Every structure is written in structure tokens, then in C-alpha cells.
Amino acid sequence: MNIKEIKMLEHYRYLIENRLFDEYDIYGFLILIRNYLPKKELRLVHEFADNVAHRERDQGLVFENLKNCRLNKYQTKDGKKVIGYIGYKPKTWNNEWKKLMNLFRISINSIILKELTVCLFSLFQEVNYVDENGKIGKLGLFINPDHNQISIYTSEEKSNSYMVCFDN
């Protein structure tokens, strides 16, 4: 990182550690760190950083999931898991964000991680996915107040299309 980027990182570190951030801050933080992410080690973080940089996507994990859903006609295994759809486990999600924060020497706790997740999920609603024939789907935000849960989902956005949660 150059001197300017280091100063910007210090700003985001202060906001995150002191729980003063909102989704706009996380947006800027992801743009700042995107080029410094180890892609294989932080696969989900990198996917989300790419979604910030490109609100219309034609590649990536979510794009492949949408293509696979359409190709497999939303067939499921055991009536629950969509064949060819690779989500994430909450433990994996949490571990990647902890590794990321450790990489940039940002201290977080479980409360900060939950607040960060809310910001991230909010940011990624309405990301569109397109192929050579046009739009194939988007990311959305699903809030289930009965279970105190939020999730992101993919959908083709047709009147009869399914909504598939990105988490497992």
C-alpha cells in the first residue's frame, strides 16, 4: 500500500473498531483493499469486493450459481439444496472476515462482525448478473424477523422464479 492508502486504511480501521461505520464506509473499505486480497484464501471476501467494484457481473461464484440453477432447472437434493449451487457456511463467512481484519490489523469482535455482515448484505442487494444474452438474475436481501435472520439470495426475477439463499 502507498502512503495515501495506508492513511485511508487507518481511517477505516478507526471506524470499524469503534463501531462507527455504515454500508457506505464498508463500500469504500472494500474498494481500497480489493487489490490486496489473497483471492484463494479469502474467496467470499473477494467475491463481495468484486461486487462492489462491478454492480453488473458476468463472472464469479454467484454468476456460476445462477447459471447452474437455470441449467439444472432448480433440481434439488433432498428437497432443500439446489444442485450445482455453492453457497457458504456461516462459520466460513465469519472466519474469512476475521482473517481479512487480521490481515489489515483491524480488531473486531462478534458484535462488529454481525454489524459488518448487515452492511455487506445490504450493499449487495440489486447486484445484477448478465451473460451474452442479457440479464440472468440478481442478488437480493431476505429478512426473516421470525427467526431474527437475514440472508442474501439469488433470483432470476421472473414472476415464477425461485429465490435461492446464498448461505447453507
# chains A, B, ... in the order shown; residues from 1 in each chain; ligands from 1
$ residues_around --residues "region 31-38 of chain A" --least-positions-apart "6" --cutoff "9 Å" --atoms "only C-alpha atoms" --output "ChimeraX atom specification"
/A:1,5,8-9,45-46,49-50,52-53,100,104
$ closest_atom_pairs --of "region 110-152 of chain A" --to "region 10-25 of chain A" --cutoff "10 Å" --atoms "only C-alpha atoms" --output "tab-separated table"
residue	atom	partner	partner_atom	distance
A:Ile111	CA	A:Arg19	CA	8.9
A:Ile112	CA	A:Arg19	CA	6.5
A:Leu113	CA	A:Ile16	CA	9.6
A:Glu115	CA	A:Arg19	CA	8.2
A:Leu116	CA	A:Glu23	CA	8.1
A:Thr117	CA	A:Glu23	CA	9.7
A:Val118	CA	A:Glu23	CA	8.4
A:Cys119	CA	A:Glu23	CA	4.7
A:Leu120	CA	A:Glu23	CA	6.8
A:Phe121	CA	A:Glu23	CA	9.2
A:Ser122	CA	A:Glu23	CA	7.3
A:Leu123	CA	A:Glu23	CA	6.4
$ residues_around --residues "Val62 (chain A)" --least-positions-apart "3" --cutoff "10 Å" --atoms "only C-alpha atoms" --output "PyMOL selection string"
chain A and resi 47-48+51+57-59+65-68+85-87+129+137-139+153-154+166
$ atom_distance --atom1 "CA of Asn94 (chain A)" --atom2 "CA of Ile150 (chain A)"
14.6 Å
$ select_by_dssp --residues "region 21-168 of chain A" --states "helix (DSSP H, G or I)" --output "ChimeraX atom specification"
/A:23-36,43-53,61-71,90-103,110-123,145-147
$ closest_residue --among "A:Lys114, A:Gln125, A:Asn144, A:Gly84" --to "Arg55 (chain A)" --atoms "only C-alpha atoms"
A:Gln125
$ select_by_dssp --residues "chain A" --states "strand (DSSP E or B)" --output "mmCIF file with C-alpha atoms, in the first residue's frame"
data_model
loop_
_atom_site.group_PDB
_atom_site.id
_atom_site.type_symbol
_atom_site.label_atom_id
_atom_site.label_comp_id
_atom_site.auth_asym_id
_atom_site.auth_seq_id
_atom_site.Cartn_x
_atom_site.Cartn_y
_atom_site.Cartn_z
ATOM 1 C CA GLU A 56 -23.205 -5.775 -13.043
ATOM 2 C CA ARG A 57 -21.312 -9.058 -13.144
ATOM 3 C CA THR A 76 -32.746 -30.178 -5.525
ATOM 4 C CA LYS A 77 -31.041 -32.809 -3.480
ATOM 5 C CA LYS A 81 -30.128 -27.969 -1.586
ATOM 6 C CA VAL A 82 -30.174 -26.815 -5.206
ATOM 7 C CA TYR A 88 -21.273 -20.661 2.087
ATOM 8 C CA ASN A 128 -27.190 -7.805 -11.479
ATOM 9 C CA TYR A 129 -25.751 -10.788 -13.306
ATOM 10 C CA VAL A 130 -25.670 -10.893 -17.095
ATOM 11 C CA ASP A 131 -24.485 -13.301 -19.757
ATOM 12 C CA GLY A 134 -28.664 -10.336 -21.162
ATOM 13 C CA LYS A 135 -29.667 -10.331 -17.501
ATOM 14 C CA ILE A 136 -29.920 -13.753 -15.862
ATOM 15 C CA GLY A 137 -30.547 -12.729 -12.266
ATOM 16 C CA LYS A 138 -29.702 -10.623 -9.273
ATOM 17 C CA LEU A 139 -28.808 -10.688 -5.605
ATOM 18 C CA GLY A 140 -31.478 -9.722 -3.110
ATOM 19 C CA LEU A 141 -31.841 -9.321 0.630
ATOM 20 C CA PHE A 142 -34.149 -11.617 2.593
ATOM 21 C CA ILE A 143 -35.134 -10.639 6.123
ATOM 22 C CA ASN A 144 -36.854 -13.197 8.340
ATOM 23 C CA GLN A 149 -32.184 -13.791 10.404
ATOM 24 C CA ILE A 150 -31.006 -12.031 7.265
ATOM 25 C CA SER A 151 -29.768 -13.742 4.129
ATOM 26 C CA ILE A 152 -28.860 -12.862 0.610
ATOM 27 C CA TYR A 153 -30.469 -14.748 -2.211
ATOM 28 C CA THR A 154 -30.261 -15.080 -5.957
ATOM 29 C CA SER A 155 -33.254 -14.916 -8.266
ATOM 30 C CA MET A 163 -35.284 -17.435 -4.690
ATOM 31 C CA VAL A 164 -32.238 -19.425 -3.588
ATOM 32 C CA CYS A 165 -30.441 -18.401 -0.395
ATOM 33 C CA ASP A 167 -25.940 -19.326 2.595
#
$ atom_distance --atom1 "CA of Arg43 (chain A)" --atom2 "CA of Tyr162 (chain A)"
25.3 Å
$ decode --residues "region 22-37 of chain A" --atoms "N, CA, C and O atoms" --output "PDB file, in the first residue's frame"
ATOM      1  N   ASP A  22     -20.888   2.587   8.500  1.00  0.00           N
ATOM      2  CA  ASP A  22     -22.144   2.202   7.854  1.00  0.00           C
ATOM      3  C   ASP A  22     -21.787   1.551   6.526  1.00  0.00           C
ATOM      4  O   ASP A  22     -20.603   1.358   6.220  1.00  0.00           O
ATOM      5  N   GLU A  23     -22.792   1.218   5.735  1.00  0.00           N
ATOM      6  CA  GLU A  23     -22.509   0.495   4.495  1.00  0.00           C
ATOM      7  C   GLU A  23     -21.693   1.325   3.510  1.00  0.00           C
ATOM      8  O   GLU A  23     -20.934   0.771   2.723  1.00  0.00           O
ATOM      9  N   TYR A  24     -21.799   2.638   3.558  1.00  0.00           N
ATOM     10  CA  TYR A  24     -21.003   3.484   2.671  1.00  0.00           C
ATOM     11  C   TYR A  24     -19.514   3.378   3.016  1.00  0.00           C
ATOM     12  O   TYR A  24     -18.658   3.378   2.128  1.00  0.00           O
ATOM     13  N   ASP A  25     -19.224   3.306   4.313  1.00  0.00           N
ATOM     14  CA  ASP A  25     -17.837   3.135   4.746  1.00  0.00           C
ATOM     15  C   ASP A  25     -17.298   1.773   4.316  1.00  0.00           C
ATOM     16  O   ASP A  25     -16.151   1.674   3.850  1.00  0.00           O
ATOM     17  N   ILE A  26     -18.103   0.745   4.447  1.00  0.00           N
ATOM     18  CA  ILE A  26     -17.667  -0.607   4.072  1.00  0.00           C
ATOM     19  C   ILE A  26     -17.467  -0.683   2.558  1.00  0.00           C
ATOM     20  O   ILE A  26     -16.547  -1.347   2.081  1.00  0.00           O
ATOM     21  N   TYR A  27     -18.282   0.023   1.812  1.00  0.00           N
ATOM     22  CA  TYR A  27     -18.124   0.099   0.360  1.00  0.00           C
ATOM     23  C   TYR A  27     -16.728   0.649   0.017  1.00  0.00           C
ATOM     24  O   TYR A  27     -15.976   0.060  -0.747  1.00  0.00           O
ATOM     25  N   GLY A  28     -16.382   1.775   0.615  1.00  0.00           N
ATOM     26  CA  GLY A  28     -15.072   2.384   0.371  1.00  0.00           C
ATOM     27  C   GLY A  28     -13.935   1.504   0.856  1.00  0.00           C
ATOM     28  O   GLY A  28     -12.894   1.390   0.196  1.00  0.00           O
ATOM     29  N   PHE A  29     -14.124   0.868   2.005  1.00  0.00           N
ATOM     30  CA  PHE A  29     -13.109  -0.030   2.551  1.00  0.00           C
ATOM     31  C   PHE A  29     -12.833  -1.178   1.580  1.00  0.00           C
ATOM     32  O   PHE A  29     -11.675  -1.505   1.305  1.00  0.00           O
ATOM     33  N   LEU A  30     -13.876  -1.778   1.032  1.00  0.00           N
ATOM     34  CA  LEU A  30     -13.697  -2.894   0.099  1.00  0.00           C
ATOM     35  C   LEU A  30     -13.009  -2.452  -1.190  1.00  0.00           C
ATOM     36  O   LEU A  30     -12.178  -3.185  -1.731  1.00  0.00           O
ATOM     37  N   ILE A  31     -13.348  -1.271  -1.672  1.00  0.00           N
ATOM     38  CA  ILE A  31     -12.663  -0.756  -2.868  1.00  0.00           C
ATOM     39  C   ILE A  31     -11.176  -0.573  -2.565  1.00  0.00           C
ATOM     40  O   ILE A  31     -10.312  -0.924  -3.371  1.00  0.00           O
ATOM     41  N   LEU A  32     -10.862  -0.037  -1.393  1.00  0.00           N
ATOM     42  CA  LEU A  32      -9.477   0.210  -1.006  1.00  0.00           C
ATOM     43  C   LEU A  32      -8.659  -1.083  -0.932  1.00  0.00           C
ATOM     44  O   LEU A  32      -7.544  -1.153  -1.453  1.00  0.00           O
ATOM     45  N   ILE A  33      -9.212  -2.112  -0.316  1.00  0.00           N
ATOM     46  CA  ILE A  33      -8.428  -3.324  -0.060  1.00  0.00           C
ATOM     47  C   ILE A  33      -8.517  -4.360  -1.174  1.00  0.00           C
ATOM     48  O   ILE A  33      -7.763  -5.334  -1.176  1.00  0.00           O
ATOM     49  N   ARG A  34      -9.390  -4.177  -2.116  1.00  0.00           N
ATOM     50  CA  ARG A  34      -9.682  -5.189  -3.149  1.00  0.00           C
ATOM     51  C   ARG A  34      -8.432  -5.721  -3.833  1.00  0.00           C
ATOM     52  O   ARG A  34      -8.279  -6.921  -4.022  1.00  0.00           O
ATOM     53  N   ASN A  35      -7.529  -4.856  -4.216  1.00  0.00           N
ATOM     54  CA  ASN A  35      -6.319  -5.289  -4.926  1.00  0.00           C
ATOM     55  C   ASN A  35      -5.296  -5.971  -4.023  1.00  0.00           C
ATOM     56  O   ASN A  35      -4.304  -6.507  -4.509  1.00  0.00           O
ATOM     57  N   TYR A  36      -5.536  -5.969  -2.730  1.00  0.00           N
ATOM     58  CA  TYR A  36      -4.585  -6.559  -1.780  1.00  0.00           C
ATOM     59  C   TYR A  36      -5.107  -7.854  -1.161  1.00  0.00           C
ATOM     60  O   TYR A  36      -4.501  -8.382  -0.235  1.00  0.00           O
ATOM     61  N   LEU A  37      -6.214  -8.367  -1.678  1.00  0.00           N
ATOM     62  CA  LEU A  37      -6.815  -9.578  -1.115  1.00  0.00           C
ATOM     63  C   LEU A  37      -6.216 -10.843  -1.711  1.00  0.00           C
ATOM     64  O   LEU A  37      -6.104 -10.944  -2.934  1.00  0.00           O
TER      65      LEU A  37
END
